[in-house]
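Peer 1: What follows is the file data14.cif, containing mmCIF, C-alpha atoms:
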data_run
#
loop_
_atom_site.label_atom_id
_atom_site.label_comp_id
_atom_site.auth_asym_id
_atom_site.auth_seq_id
_atom_site.Cartn_x
_atom_site.Cartn_y
_atom_site.Cartn_z
CA MET A 1 -23.28 -12.96 -1.94
CA LYS A 2 -25.05 -11.54 1.15
CA SER A 3 -25.28 -12.22 4.86
CA PHE A 4 -29.00 -13.08 4.77
CA THR A 5 -32.31 -12.11 3.20
CA PRO A 6 -34.21 -9.63 5.40
CA SER A 7 -37.91 -10.18 6.00
CA LYS A 8 -38.73 -6.46 5.93
CA ASN A 9 -36.95 -3.18 5.25
CA PRO A 10 -34.50 -2.50 8.10
CA SER A 11 -32.66 0.82 8.24
CA ILE A 12 -28.89 0.70 7.81
CA ASN A 13 -25.85 2.77 7.06
CA LEU A 14 -23.85 1.46 4.13
CA VAL A 15 -20.14 1.69 3.27
CA ILE A 16 -18.83 0.69 -0.13
CA GLN A 17 -15.15 -0.30 -0.36
CA THR A 18 -14.49 -2.74 -3.19
CA ALA A 19 -10.69 -2.44 -3.33
CA PHE A 20 -8.16 -4.99 -2.07
CA LEU A 21 -7.95 -6.35 1.50
CA GLY A 22 -5.36 -3.78 2.62
CA ASP A 23 -7.59 -0.91 1.53
CA LEU A 24 -10.53 -2.41 3.39
CA LEU A 25 -8.50 -2.78 6.58
CA LEU A 26 -7.49 0.88 6.34
CA ALA A 27 -11.22 1.69 6.32
CA ILE A 28 -11.81 0.04 9.71
CA PRO A 29 -11.56 3.32 11.70
CA LEU A 30 -14.27 4.70 9.41
CA LEU A 31 -16.49 1.66 10.04
CA ILE A 32 -15.96 1.94 13.80
CA TRP A 33 -16.94 5.62 13.80
CA ILE A 34 -20.07 5.11 11.72
CA LYS A 35 -21.34 2.56 14.26
CA LYS A 36 -20.42 4.96 17.06
CA LEU A 37 -22.35 7.83 15.45
CA ASN A 38 -25.48 5.78 14.78
CA PRO A 39 -25.51 2.81 17.19
CA GLN A 40 -29.22 2.33 16.60
CA LEU A 41 -28.62 1.54 12.93
CA ALA A 42 -27.07 -1.62 11.56
CA LEU A 43 -23.96 -1.23 9.43
CA GLY A 44 -23.70 -2.79 5.98
CA LEU A 45 -20.65 -3.22 3.77
CA VAL A 46 -20.21 -3.80 0.05
CA CYS A 47 -16.77 -5.27 -0.49
CA ARG A 48 -14.67 -7.56 -2.64
CA LYS A 49 -15.51 -11.26 -2.70
CA GLY A 50 -14.18 -13.26 0.25
CA LEU A 51 -13.75 -10.39 2.74
CA GLY A 52 -17.14 -9.58 4.24
CA SER A 53 -17.68 -12.63 6.45
CA THR A 54 -14.53 -11.96 8.48
CA LEU A 55 -15.53 -8.41 9.41
CA LYS A 56 -19.01 -9.65 10.30
CA SER A 57 -17.68 -12.49 12.45
CA ILE A 58 -15.61 -10.11 14.59
CA GLY A 59 -18.51 -7.70 14.98
CA ILE A 60 -17.40 -4.69 12.94
CA ILE A 61 -20.32 -4.90 10.48
CA ASP A 62 -23.81 -6.38 10.59
CA TYR A 63 -24.49 -7.13 6.92
CA PHE A 64 -22.28 -7.62 3.90
CA TRP A 65 -22.59 -7.97 0.17
CA GLU A 66 -19.69 -9.05 -2.00
CA ILE A 67 -18.86 -8.20 -5.57
CA GLN A 68 -16.49 -9.96 -7.91
CA LYS A 69 -14.29 -7.65 -9.96
CA GLY A 70 -14.98 -8.00 -13.67
CA ASN A 71 -18.34 -9.66 -13.03
CA SER A 72 -21.09 -7.15 -13.83
CA GLU A 73 -23.75 -9.62 -12.68
CA SER A 74 -22.43 -9.48 -9.10
CA TYR A 75 -22.94 -5.69 -9.09
CA ARG A 76 -26.48 -6.14 -10.38
CA ILE A 77 -27.27 -8.66 -7.63
CA VAL A 78 -25.95 -6.36 -4.91
CA GLN A 79 -27.98 -3.46 -6.29
CA SER A 80 -31.13 -5.60 -6.34
CA GLU A 81 -30.69 -6.94 -2.81
CA LEU A 82 -30.05 -3.49 -1.34
CA LYS A 83 -33.58 -2.51 -2.39
CA ASN A 84 -34.69 -4.49 0.68
CA PHE A 85 -33.10 -1.89 2.97
CA GLU A 86 -33.76 1.72 3.89
CA ILE A 87 -30.31 3.31 3.66
CA HIS A 88 -29.54 6.39 5.72
CA PHE A 89 -25.89 7.11 4.93
CA LEU A 90 -24.30 5.65 1.82
CA ILE A 91 -20.55 6.29 2.06
CA SER A 92 -18.34 5.45 -0.88
CA ALA A 93 -14.74 4.90 0.22
CA HIS A 94 -13.83 3.80 -3.28
CA THR A 95 -13.99 6.25 -6.17
CA SER A 96 -13.74 4.06 -9.25
CA VAL A 97 -16.21 4.66 -12.06
CA ARG A 98 -17.86 1.28 -11.59
CA THR A 99 -18.33 1.82 -7.84
CA THR A 100 -19.70 5.31 -8.48
CA LEU A 101 -22.22 3.92 -10.97
CA LEU A 102 -23.30 1.37 -8.37
CA CYS A 103 -23.84 4.21 -5.88
CA ALA A 104 -25.96 6.04 -8.45
CA ARG A 105 -28.34 3.08 -8.60
CA ILE A 106 -28.76 2.74 -4.82
CA LYS A 107 -31.33 4.84 -2.99
CA ALA A 108 -30.12 6.57 0.18
CA VAL A 109 -31.04 9.64 2.24
CA LYS A 110 -27.48 10.94 2.13
CA LYS A 111 -24.72 9.90 -0.25
CA ILE A 112 -21.16 10.83 0.68
CA SER A 113 -17.90 10.52 -1.26
CA PHE A 114 -14.78 12.43 -2.24
CA ALA A 115 -15.37 15.27 -4.66
CA LYS A 116 -14.61 14.68 -8.32
CA PRO A 117 -15.52 17.02 -11.20
CA TRP A 118 -18.06 14.56 -12.55
CA ASN A 119 -19.73 12.99 -9.46
CA PHE A 120 -21.75 15.98 -8.19
CA PHE A 121 -24.98 14.57 -9.60
CA ILE A 122 -24.57 11.27 -7.69
CA PHE A 123 -23.43 12.37 -4.23
CA ASN A 124 -25.29 15.07 -2.31
CA HIS A 125 -22.40 15.50 0.10
CA ARG A 126 -18.85 15.63 -1.22
CA VAL A 127 -15.61 16.06 0.69
CA ASP A 128 -12.22 17.30 -0.50
CA ASN A 129 -9.74 14.46 -0.88
CA ILE A 130 -6.74 15.79 1.05
CA LYS A 131 -3.76 13.87 -0.27
CA THR A 132 -1.47 14.70 2.66
CA TYR A 133 -3.68 12.66 5.01
CA PRO A 134 -2.82 9.00 5.62
CA GLU A 135 -5.54 6.84 4.08
CA SER A 136 -7.36 6.01 7.33
CA ILE A 137 -7.60 9.69 8.32
CA ARG A 138 -8.54 10.60 4.76
CA LEU A 139 -11.45 8.16 4.92
CA LEU A 140 -12.55 9.49 8.31
CA SER A 141 -12.71 12.97 6.80
CA LEU A 142 -15.73 11.74 4.81
CA ILE A 143 -17.84 11.88 7.97
CA LYS A 144 -16.10 14.59 10.01
CA ASN A 145 -19.02 16.99 9.48
CA GLU A 146 -21.39 14.41 10.97
CA SER A 147 -19.74 14.60 14.40
CA SER A 148 -18.68 17.54 16.55
CA GLU A 149 -16.20 15.21 18.23
CA LEU A 150 -14.57 14.35 14.91
CA GLN A 151 -14.57 18.00 13.88
CA GLU A 152 -12.65 18.81 17.04
CA TYR A 153 -10.14 16.03 16.43
CA PHE A 154 -9.52 17.23 12.90
CA SER A 155 -9.15 20.83 14.06
CA LYS A 156 -6.42 19.72 16.48
CA LEU A 157 -4.62 17.59 13.90
CA ASN A 158 -1.31 19.44 14.10
CA SER A 159 0.25 18.04 10.96
CA SER A 160 -1.13 15.05 9.15
CA GLU A 161 2.23 14.77 7.39
CA ASP A 162 3.81 13.69 10.68
CA TYR A 163 2.08 10.34 10.24
CA ILE A 164 3.84 9.66 6.95
CA LEU A 165 7.32 10.54 8.19
CA LYS A 166 9.65 8.04 9.83
CA GLN A 167 12.43 8.29 12.35
CA ASN A 168 16.00 7.31 11.48
CA SER A 169 15.22 3.92 13.00
CA GLY A 170 12.41 3.45 10.48
CA ARG A 171 9.70 3.67 13.14
CA LEU A 172 6.50 5.56 12.30
CA MET A 173 4.35 7.73 14.54
CA SER A 174 1.45 5.85 16.09
CA PRO A 175 -2.08 6.68 14.90
CA PRO A 176 -4.10 9.07 17.05
CA HIS A 177 -6.33 7.17 19.47
CA TRP A 178 -9.49 8.25 17.66
CA ALA A 179 -8.30 6.67 14.40
CA ASP A 180 -6.67 3.51 15.71
CA PRO A 181 -7.96 0.37 13.93
CA VAL A 182 -7.01 -1.98 16.79
CA GLN A 183 -10.19 -0.86 18.58
CA GLY A 184 -12.10 -3.06 16.13
CA TRP A 185 -10.12 -6.22 16.93
CA PRO A 186 -11.94 -8.43 19.47
CA ALA A 187 -10.52 -9.17 22.92
CA SER A 188 -8.07 -12.07 22.89
CA GLY A 189 -10.45 -14.34 24.79
CA SER A 190 -12.84 -14.54 21.85
CA ILE A 191 -10.14 -15.85 19.51
CA ASN A 192 -8.23 -18.04 21.97
CA LYS A 193 -9.95 -21.18 20.71
CA THR A 194 -8.98 -20.40 17.12
CA VAL A 195 -5.36 -19.72 18.12
CA GLN A 196 -5.16 -22.90 20.21
CA GLU A 197 -6.51 -25.00 17.35
CA LEU A 198 -4.01 -23.50 14.90
CA THR A 199 -1.11 -23.87 17.35
CA LEU A 200 -1.87 -27.57 17.77
CA ARG A 201 -2.57 -28.13 14.08
CA TYR A 202 0.75 -26.69 12.93
CA LYS A 203 2.79 -27.55 16.08
CA LEU A 204 3.74 -23.93 16.70
CA VAL A 205 5.77 -22.80 19.69
CA GLU A 206 3.42 -20.56 21.66
CA ARG A 207 4.15 -16.83 21.29
CA LYS A 208 7.57 -17.50 19.80
CA TRP A 209 7.01 -17.14 16.09
CA ILE A 210 7.60 -14.43 13.52
CA ALA A 211 5.46 -14.29 10.38
CA LEU A 212 7.03 -13.47 7.02
CA PHE A 213 4.87 -12.48 4.03
CA PRO A 214 7.06 -12.58 0.88
CA GLY A 215 4.23 -12.10 -1.63
CA SER A 216 2.14 -9.24 -3.02
CA VAL A 217 -0.57 -8.67 -5.59
CA TRP A 218 1.96 -6.51 -7.46
CA ALA A 219 5.24 -8.13 -8.53
CA THR A 220 7.29 -4.94 -8.16
CA LYS A 221 6.20 -4.60 -4.52
CA MET A 222 7.89 -7.89 -3.65
CA TRP A 223 11.27 -7.82 -1.92
CA LYS A 224 13.71 -10.37 -3.31
CA LYS A 225 13.15 -13.98 -2.23
CA GLU A 226 16.79 -14.28 -1.15
CA GLY A 227 16.25 -11.37 1.25
CA PHE A 228 13.38 -13.09 3.04
CA ILE A 229 15.41 -16.30 3.22
CA GLU A 230 18.45 -14.59 4.74
CA LEU A 231 16.27 -12.66 7.17
CA GLY A 232 14.42 -15.82 8.21
CA GLN A 233 17.66 -17.74 8.71
CA SER A 234 19.04 -14.99 10.95
CA LEU A 235 15.88 -14.87 13.06
CA GLN A 236 15.71 -18.65 13.31
CA LYS A 237 19.24 -18.68 14.74
CA LYS A 238 18.01 -16.24 17.40
CA GLY A 239 15.45 -18.80 18.56
CA TYR A 240 12.32 -17.72 16.66
CA GLN A 241 10.09 -20.11 14.79
CA ILE A 242 9.48 -18.78 11.29
CA ILE A 243 6.14 -19.15 9.56
CA ILE A 244 5.63 -18.07 5.96
CA MET A 245 2.17 -16.74 5.20
CA GLY A 246 0.26 -15.59 2.13
CA GLY A 247 -2.51 -16.49 -0.27
CA SER A 248 -3.08 -19.69 -2.21
CA ASP A 249 -1.43 -18.17 -5.29
CA GLU A 250 1.77 -17.73 -3.25
CA LYS A 251 2.22 -21.39 -2.28
CA GLU A 252 5.21 -21.91 -4.56
CA LEU A 253 7.01 -18.80 -3.33
CA GLY A 254 6.19 -19.52 0.31
CA GLY A 255 7.32 -23.12 -0.01
CA ALA A 256 10.65 -22.09 -1.55
CA VAL A 257 11.33 -19.57 1.24
CA ALA A 258 10.34 -22.03 3.99
CA GLU A 259 12.44 -24.83 2.53
CA ALA A 260 15.59 -22.69 2.80
CA ILE A 261 15.00 -21.78 6.49
CA PRO A 262 15.57 -24.54 9.09
CA GLU A 263 12.29 -25.73 10.65
CA ALA A 264 10.29 -22.98 8.93
CA LEU A 265 6.68 -23.67 8.04
CA SER A 266 4.77 -22.40 5.03
CA LEU A 267 1.06 -21.81 5.60
CA CYS A 268 0.40 -20.03 2.31
CA GLY A 269 -3.13 -20.77 1.17
CA GLN A 270 -3.86 -22.97 4.20
CA THR A 271 -5.64 -20.51 6.49
CA THR A 272 -8.78 -18.44 6.19
CA LEU A 273 -8.57 -14.68 6.59
CA LEU A 274 -9.84 -14.93 10.18
CA GLU A 275 -7.33 -17.68 10.98
CA SER A 276 -4.53 -15.60 9.46
CA LEU A 277 -5.49 -12.62 11.62
CA ALA A 278 -5.63 -14.88 14.70
CA LEU A 279 -2.14 -16.25 13.99
CA ILE A 280 -0.75 -12.80 13.34
CA SER A 281 -2.27 -11.52 16.59
CA GLN A 282 -0.12 -14.02 18.52
CA SER A 283 3.09 -13.39 16.55
CA GLN A 284 6.07 -11.52 17.94
CA LEU A 285 6.40 -9.57 14.69
CA VAL A 286 5.31 -9.49 11.04
CA VAL A 287 7.61 -8.67 8.13
CA GLY A 288 6.05 -8.13 4.73
CA ASN A 289 5.95 -5.94 1.67
CA ASP A 290 3.80 -2.83 1.23
CA SER A 291 0.72 -5.03 1.00
CA SER A 292 -2.19 -6.38 3.01
CA SER A 293 0.09 -8.21 5.47
CA SER A 294 1.27 -4.95 7.03
CA HIS A 295 -2.32 -3.73 7.42
CA MET A 296 -3.38 -7.05 8.96
CA ALA A 297 -0.63 -6.77 11.57
CA ALA A 298 -1.52 -3.15 12.33
CA PHE A 299 -5.20 -4.06 12.74
CA VAL A 300 -4.49 -6.74 15.38
CA GLY A 301 -1.92 -4.60 17.20
CA VAL A 302 1.25 -6.56 16.40
CA PRO A 303 4.61 -4.91 15.54
CA VAL A 304 5.21 -4.82 11.79
CA VAL A 305 8.12 -4.03 9.51
CA ALA A 306 6.93 -3.14 5.99
CA ILE A 307 9.31 -3.16 3.04
CA PHE A 308 8.63 -0.39 0.52
CA GLY A 309 10.01 -0.50 -3.02
CA PRO A 310 8.16 1.25 -5.86
CA THR A 311 5.81 3.04 -3.44
CA VAL A 312 6.54 5.70 -0.83
CA LEU A 313 5.00 6.85 2.43
CA LYS A 314 3.62 10.10 1.03
CA PHE A 315 0.96 8.10 -0.82
CA GLY A 316 -0.60 7.51 2.62
CA TYR A 317 -0.83 3.72 2.60
CA ARG A 318 1.51 3.05 5.52
CA PRO A 319 0.85 0.29 8.05
CA TRP A 320 -1.61 2.10 10.28
CA GLY A 321 -0.65 0.68 13.66
CA GLN A 322 0.97 1.56 16.97
CA ASN A 323 4.20 -0.36 16.38
CA SER A 324 5.02 0.10 12.71
CA ALA A 325 8.27 0.62 10.84
CA VAL A 326 9.23 0.94 7.17
CA VAL A 327 12.44 -0.08 5.42
CA GLU A 328 13.23 1.41 2.02
CA LEU A 329 16.03 2.66 -0.24
CA GLU A 330 15.42 6.37 -0.09
CA ASN A 331 17.89 7.78 -2.61
CA LEU A 332 16.79 6.08 -5.80
CA SER A 333 15.78 8.65 -8.42
CA CYS A 334 13.25 6.25 -9.94
CA ARG A 335 11.16 6.01 -6.76
CA PRO A 336 8.21 6.18 -6.71
CA CYS A 337 7.13 4.70 -10.01
CA GLY A 338 3.42 4.44 -9.14
CA PRO A 339 1.00 4.34 -6.21
CA HIS A 340 0.09 0.67 -6.64
CA GLY A 341 3.16 -1.04 -8.06
CA HIS A 342 3.45 -2.81 -11.41
CA LYS A 343 3.67 -6.30 -12.80
CA LYS A 344 7.14 -5.44 -14.06
CA CYS A 345 9.68 -2.75 -13.22
CA PRO A 346 9.20 0.08 -15.77
CA LEU A 347 12.99 0.43 -16.06
CA ASN A 348 13.66 -3.32 -16.09
CA HIS A 349 16.05 -3.33 -13.12
CA HIS A 350 13.89 -3.41 -9.93
CA ASN A 351 16.74 -1.86 -7.94
CA CYS A 352 14.39 -0.63 -5.22
CA MET A 353 14.02 -4.22 -4.04
CA LYS A 354 17.12 -5.95 -5.40
CA GLN A 355 19.54 -3.52 -3.77
CA LEU A 356 17.89 -3.61 -0.34
CA GLU A 357 20.04 -5.89 1.81
CA ALA A 358 18.76 -8.29 4.46
CA ARG A 359 21.08 -6.83 7.10
CA GLU A 360 19.26 -3.49 6.83
CA VAL A 361 15.86 -5.14 7.27
CA LEU A 362 17.24 -7.21 10.15
CA ARG A 363 18.49 -4.04 11.86
CA VAL A 364 14.98 -2.59 11.91
CA VAL A 365 13.43 -5.93 12.89
CA GLU A 366 15.77 -6.24 15.90
CA MET A 367 14.90 -2.68 16.93
CA MET A 368 11.18 -3.49 16.79
CA LEU A 369 11.63 -6.74 18.72
#
Written as structure tokens, that's how I'd like the structure from this file.

Peer 2:
Amino acid sequence: MKSFTPSKNPSINLVIQTAFLGDLLLAIPLLIWIKKLNPQLALGLVCRKGLGSTLKSIGIIDYFWEIQKGNSESYRIVQSELKNFEIHFLISAHTSVRTTLLCARIKAVKKISFAKPWNFFIFNHRVDNIKTYPESIRLLSLIKNESSELQEYFSKLNSSEDYILKQNSGRLMSPPHWADPVQGWPASGSINKTVQELTLRYKLVERKWIALFPGSVWATKMWKKEGFIELGQSLQKKGYQIIIMGGSDEKELGGAVAEAIPEALSLCGQTTLLESLALISQSQLVVGNDSSSSHMAAFVGVPVVAIFGPTVLKFGYRPWGQNSAVVELENLSCRPCGPHGHKKCPLNHHNCMKQLEAREVLRVVEMML
């Protein structure tokens, strides 16, 4: 539940982001800047179960506490253990009611979050939530008043909407250097051993694989299985080794896709988060849905093609990387149907994903390669 039990009361800054993995990865520029602003203070993170150790192992955070959604006891434990720390900044990147209540129970010199009509009595510094900002820039706006350098960057931000527009090719504008998450990814030398072990374990052809992520937490965010199969078959014929990646709950889907692609390998549920990031960092390209896979690729600086269905770029949750592209059917009147997707298409047809052909995705993939 925590990184360790402190012997006295160290001073820290604390960020709370208890949403899914993709949301946490989009908060990495914020975490980097907090350490930059207060290098003398350790940085703590409250996050979803299973995510904290990876960010600690690569040096982005110093302490972590994990909560389990739906488990009120895990929130109580985190609250109790944080009493052992003197907290300077408490920054809530997540604005759910439960997270806000947790913030109310934690003592801190300064509590920062986005302004809501009802949270003025919990946070003594609130920031407007500007919806036109991409998520990573939106999160950085929480601390822009703490840094003259950040204030200057924001003042020169010509049009934040440029970052959620794409060219005809599907390519997106790269993040500004001051908000690029790849700065938090360690130098390749520190992960070479992990990559070498994985390459030998799974008999991968060095630097010649493409990773496909067919799954998603939300069913409506998933492109059709047949599309991933056709795409993988086309790329395999071009000489690329195809690896299928995803969580343990996606083993069946990943296995079915891999079985239909010659010599493809499914690693769904077989790698830790750190191992997955290491494998992705050595891939030629990642193709996945609007889900954590695209944010993982962006974080490690690998080209990514994200497939958008029920969601759209204006929500701000684009892959936040230097070499990112999005494929989508733009002229469907039913898009978007929600910012997070659904378990089932509200109109019972799922045309946003069913009508998107593999040849269109392949066109963008070839451009990115």

Peer 1: Pick out the residues sitting within 10 Å of Leu30 in chain A, and hand them over as a list in words; count all atoms listed in the file, and ignore anything fewer than 4 positions along from it in its own chain.

Peer 2: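 So, after excluding close chain neighbours, the residues are Val15, Leu25, Leu26, Ile34, Lys35, Lys36, Ile91, Ala93, Ser136, Ile137, Arg138, Leu139, Leu140, Ser141, Leu142, Ile143, Ala179, Asp180 and Pro181 of chain A.
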
Peer 1: Could you tell me which residues the PyMOL selection byres ((chain A and resi 254) around 10) grabs in this file, written as a PyMOL selection string?

Peer 2: chain A and resi 212-215+225+243-253+255-259+265-269

Peer 1: One number please: CA of Gly52 in chain A to CA of Ile307 in chain A, in Å, one decimal.

Peer 2: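 We find that CA of Gly52 in chain A and CA of Ile307 in chain A lie 27.2 Å from each other.
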
Peer 1: So how many Å separate CA of Ala42 in chain A and CA of Lys56 in chain A, to one decimal?

Peer 2: 11.4 Å

Peer 1: For the structure provided, state which residues fall under the PyMOL selection byres ((chain A and resi 288) around 12), and present them as a ChimeraX atom specification.

Peer 2: /A:210-216,221-225,227-228,231-232,244-246,280,285-287,289-298,303-309,319,324-327,361,365

Peer 1: Report as a ChimeraX atom specification the full result of the PyMOL selection byres ((chain A and resi 206) around 12) when it is applied to this structure.

Peer 2: /A:192,195-200,202-205,207-210,240-241,279,281-284

Peer 1: Any idea what the distance is between CA of Asn71 in chain A and CA of Asp23 in chain A?

Peer 2: 20.1 Å

Peer 1: Find the spatial neighbours of range 332-338 of chain A, counting all atoms listed in the file, within a cut-off of 12 Å - ignore same-chain residues fewer than 2 positions away - and output them as a VMD selection string.

Peer 2: chain A and resid 218 220 to 221 308 to 315 328 to 330 340 to 353 355 to 356

Peer 1: Taking (17.4, -21.9, 9.3) in the coordinates of the supplied file, I want to know which residues reach to within 8 Å of it, counting all atoms listed in the file; could you give the answer as a ChimeraX atom specification?

Peer 2: /A:232-234,236-237,260-264

Peer 1: Which residues come within 10 Å of Leu150 in chain A, counting only C-alpha atoms, excluding same-chain residues fewer than 3 positions away, as a ChimeraX atom specification?

Peer 2: /A:33,140-141,143-147,153-156,178-179

Peer 1: Within 8 Å of Ile87 in chain A, counting all atoms listed in the file, which residues show up once you throw out same-chain ones fewer than 3 positions away? Write them as an MDAnalysis selection string, please.

Peer 2: chainID A and resid 11:14 90 107:109

Peer 1: Would you kindly return, as a list in words, each protein, DNA or RNA residue with an atom no farther than 9 Å from any atom of range 116-121 of chain A, considering all atoms listed in the file and excluding same-chain residues fewer than 6 positions away?

Peer 2: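 Those residues are Thr95, Thr100, Ala104, Asp128 and Asn129 of chain A.
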
Peer 1: Counting only C-alpha atoms, find residues at most 9 Å from (-19.9, -6.6, 0.6) (file frame) and give them as a CSV table (one decimal) with C-alpha atoms, in the frame of the given file.

Peer 2:
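Generated file (point-v8.csv):
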chain,number,residue,atom,x,y,z
A,1,MET,CA,-23.3,-13.0,-1.9
A,2,LYS,CA,-25.0,-11.5,1.2
A,3,SER,CA,-25.3,-12.2,4.9
A,15,VAL,CA,-20.1,1.7,3.3
A,16,ILE,CA,-18.8,0.7,-0.1
A,17,GLN,CA,-15.2,-0.3,-0.4
A,18,THR,CA,-14.5,-2.7,-3.2
A,44,GLY,CA,-23.7,-2.8,6.0
A,45,LEU,CA,-20.6,-3.2,3.8
A,46,VAL,CA,-20.2,-3.8,0.0
A,47,CYS,CA,-16.8,-5.3,-0.5
A,48,ARG,CA,-14.7,-7.6,-2.6
A,49,LYS,CA,-15.5,-11.3,-2.7
A,50,GLY,CA,-14.2,-13.3,0.2
A,51,LEU,CA,-13.8,-10.4,2.7
A,52,GLY,CA,-17.1,-9.6,4.2
A,53,SER,CA,-17.7,-12.6,6.4
A,63,TYR,CA,-24.5,-7.1,6.9
A,64,PHE,CA,-22.3,-7.6,3.9
A,65,TRP,CA,-22.6,-8.0,0.2
A,66,GLU,CA,-19.7,-9.0,-2.0
A,67,ILE,CA,-18.9,-8.2,-5.6
A,78,VAL,CA,-26.0,-6.4,-4.9

Peer 1: Box time for range 67-86 of chain A: axis-aligned, enclosing all its listed atoms, 8 Å extra on each side; report centre and edge lengths in Å to one decimal, as JSON.

Peer 2:
{"center_x": -24.5, "center_y": -4.1, "center_z": -5.0, "size_x": 36.4, "size_y": 27.7, "size_z": 33.7}

Peer 1: Looking at A:His125, A:Asn323, A:Leu277, A:Leu369, which one is nearest to Lys166 in chain A, with distances taken over only C-alpha atoms?

Peer 2: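 Using only C-alpha atoms, Lys166 in chain A sits closest to A:Asn323.
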
Peer 1: May I ask which of the residues A:Val217, A:Leu165, A:Leu157, A:Leu102 is the closest one to His177 in chain A, counting all atoms listed in the file?

Peer 2: A:Leu157

Peer 1: Pick the closest to Pro134 in chain A from A:Leu101, A:Leu43, A:Met173, A:Ile112: which is it, counting all atoms listed in the file?

Peer 2: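 For Pro134 in chain A, the nearest of the candidates is A:Met173.
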
Peer 1: Taking all atoms listed in the file into account, name the residue in A:Thr271, A:Ser92, A:Gln79, A:Asn84 that is nearest to Arg105 in chain A.

Peer 2: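 The shortest atom-to-atom distance to Arg105 in chain A comes from A:Gln79.
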
Peer 1: N, CA and C atoms are what I want for range 32-45 of chain A; can you complete it accordingly and write them as a short mmCIF file (atom, residue, chain, number, x, y, z; two decimals), keeping the file's coordinate frame?

Peer 2:
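Written file, selection_1.cif:
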data_model
loop_
_atom_site.label_atom_id
_atom_site.label_comp_id
_atom_site.auth_asym_id
_atom_site.auth_seq_id
_atom_site.Cartn_x
_atom_site.Cartn_y
_atom_site.Cartn_z
N ILE A 32 -15.77 1.83 12.36
CA ILE A 32 -15.96 1.94 13.80
C ILE A 32 -16.71 3.23 14.15
N TRP A 33 -16.32 4.33 13.50
CA TRP A 33 -16.94 5.62 13.80
C TRP A 33 -18.39 5.69 13.33
N ILE A 34 -18.69 5.08 12.21
CA ILE A 34 -20.07 5.11 11.72
C ILE A 34 -20.99 4.40 12.71
N LYS A 35 -20.53 3.26 13.26
CA LYS A 35 -21.34 2.56 14.26
C LYS A 35 -21.46 3.40 15.53
N LYS A 36 -20.41 4.12 15.86
CA LYS A 36 -20.42 4.96 17.06
C LYS A 36 -21.41 6.12 16.89
N LEU A 37 -21.47 6.69 15.70
CA LEU A 37 -22.35 7.83 15.45
C LEU A 37 -23.82 7.43 15.41
N ASN A 38 -24.09 6.24 14.90
CA ASN A 38 -25.48 5.78 14.78
C ASN A 38 -25.62 4.35 15.32
N PRO A 39 -25.47 4.18 16.63
CA PRO A 39 -25.51 2.81 17.19
C PRO A 39 -26.86 2.13 17.02
N GLN A 40 -27.90 2.92 16.78
CA GLN A 40 -29.22 2.33 16.60
C GLN A 40 -29.42 1.73 15.22
N LEU A 41 -28.53 2.05 14.29
CA LEU A 41 -28.62 1.54 12.93
C LEU A 41 -27.60 0.44 12.69
N ALA A 42 -28.01 -0.59 11.97
CA ALA A 42 -27.07 -1.62 11.56
C ALA A 42 -26.11 -1.05 10.52
N LEU A 43 -24.97 -1.68 10.38
CA LEU A 43 -23.96 -1.23 9.43
C LEU A 43 -23.75 -2.30 8.36
N GLY A 44 -23.92 -1.88 7.10
CA GLY A 44 -23.70 -2.79 5.98
C GLY A 44 -22.44 -2.43 5.22
N LEU A 45 -21.89 -3.41 4.52
CA LEU A 45 -20.65 -3.22 3.77
C LEU A 45 -20.75 -3.92 2.42
#
